[in-house]
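Okay, structure first, notes after.
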Amino acid sequence: ISYNVTLPQKSDAMLYAPSVDEIKPNCDVPSLKCYMLEVEMVLIEQQIDGNDSNAKCIFSFNDKCSKPNGSCPPCEATALRNSTIFLDNLNNILSKIMSNGST
């Protein structure tokens with residue numbers, strides 16, 4: 001299974017983006033929430049309306065996703081990376097979550 005996520009390519013934004021190797025056991029979903037919060041920030045900065053169907057999906061995910069448990073590091077504890085690495089890492093974590101159904 002392959003998941004290809006795209007964002008505006010001309011972004012010079014630095015985003016929190018843990019690599020799969022940096023994610024602690026049982027922290028896959030909380031780490032995914034970190035990614036989605038960063039995507040939400042990009043949408044807001046790009047002034048993409050929350051009523052857009054794709055944006056609505058991102059905002060809805062963040063509203064419904066459970067808060068990280070205390071054993072998972074906060075999003076800000078990971079390195080800031082450029083948008084290319086951010087997208088590569090996001091695709092990797094999505095693949096990992098889908099392949100092992102981990103939480």
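Here, A, B, ... name the chains of the structure tokens in the order displayed, residue numbers run from 1 inside each chain, and ligands are numbered from 1 in the same displayed order.
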Fill in: All alpha helix (DSSP H) positions in range 18-76 of chain A, as a PyMOL selection string
chain A and resi 28-45+53-64
Discussion item. Excluding range 77-84 of chain A and its own-chain neighbours fewer than 3 positions away, which residues fall within 6 Å of it when counting only C-alpha atoms? Please give them as a PyMOL selection string.
Written reply: chain A and resi 14-16+18+74+87
Practice prompt. Excluding Ile58 in chain A and residues on its chain fewer than 4 positions from it, collect all residues at most 8 Å away from it, counting only C-alpha atoms, and give them as a PyMOL selection string.
Written response: chain A and resi 36+39-40+54+62
Worksheet item: Please, what distance in Å, to one decimal, runs between CA of Leu32 in chain A and CA of Lys96 in chain A?
Response: 10.8 Å
For Leu94 in chain A, list every protein, DNA or RNA residue within 8 Å, evaluated using only C-alpha atoms, and leave out those in the same chain fewer than 3 positions away; present the list as a compact mmCIF listing (two decimals) with N, CA and C atoms, in the first residue's frame.
# COMPACT_ATOMS: atom_id res chain seq x y z
N TYR A 3 0.89 5.54 0.12
CA TYR A 3 0.14 6.75 0.39
C TYR A 3 0.99 7.92 -0.04
N LEU A 32 1.28 10.73 14.31
CA LEU A 32 0.50 11.12 13.13
C LEU A 32 -0.29 12.39 13.42
N LEU A 90 6.07 11.65 6.57
CA LEU A 90 4.64 11.42 6.71
C LEU A 90 4.20 10.20 5.92
N ASN A 91 4.65 10.08 4.69
CA ASN A 91 4.32 8.89 3.90
C ASN A 91 4.84 7.62 4.56
N ILE A 97 1.87 2.57 9.80
CA ILE A 97 0.62 2.38 10.51
C ILE A 97 -0.30 1.41 9.78
N MET A 98 -0.38 1.56 8.45
CA MET A 98 -1.25 0.69 7.67
C MET A 98 -0.72 -0.74 7.59
Item to complete: Pick out the closest residue to Ser95 in chain A from this set: A:Pro25, A:Lys64, A:Val20, A:Ala13. Count only C-alpha atoms.
Response: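 For Ser95 in chain A, the nearest of the given residues is A:Val20.
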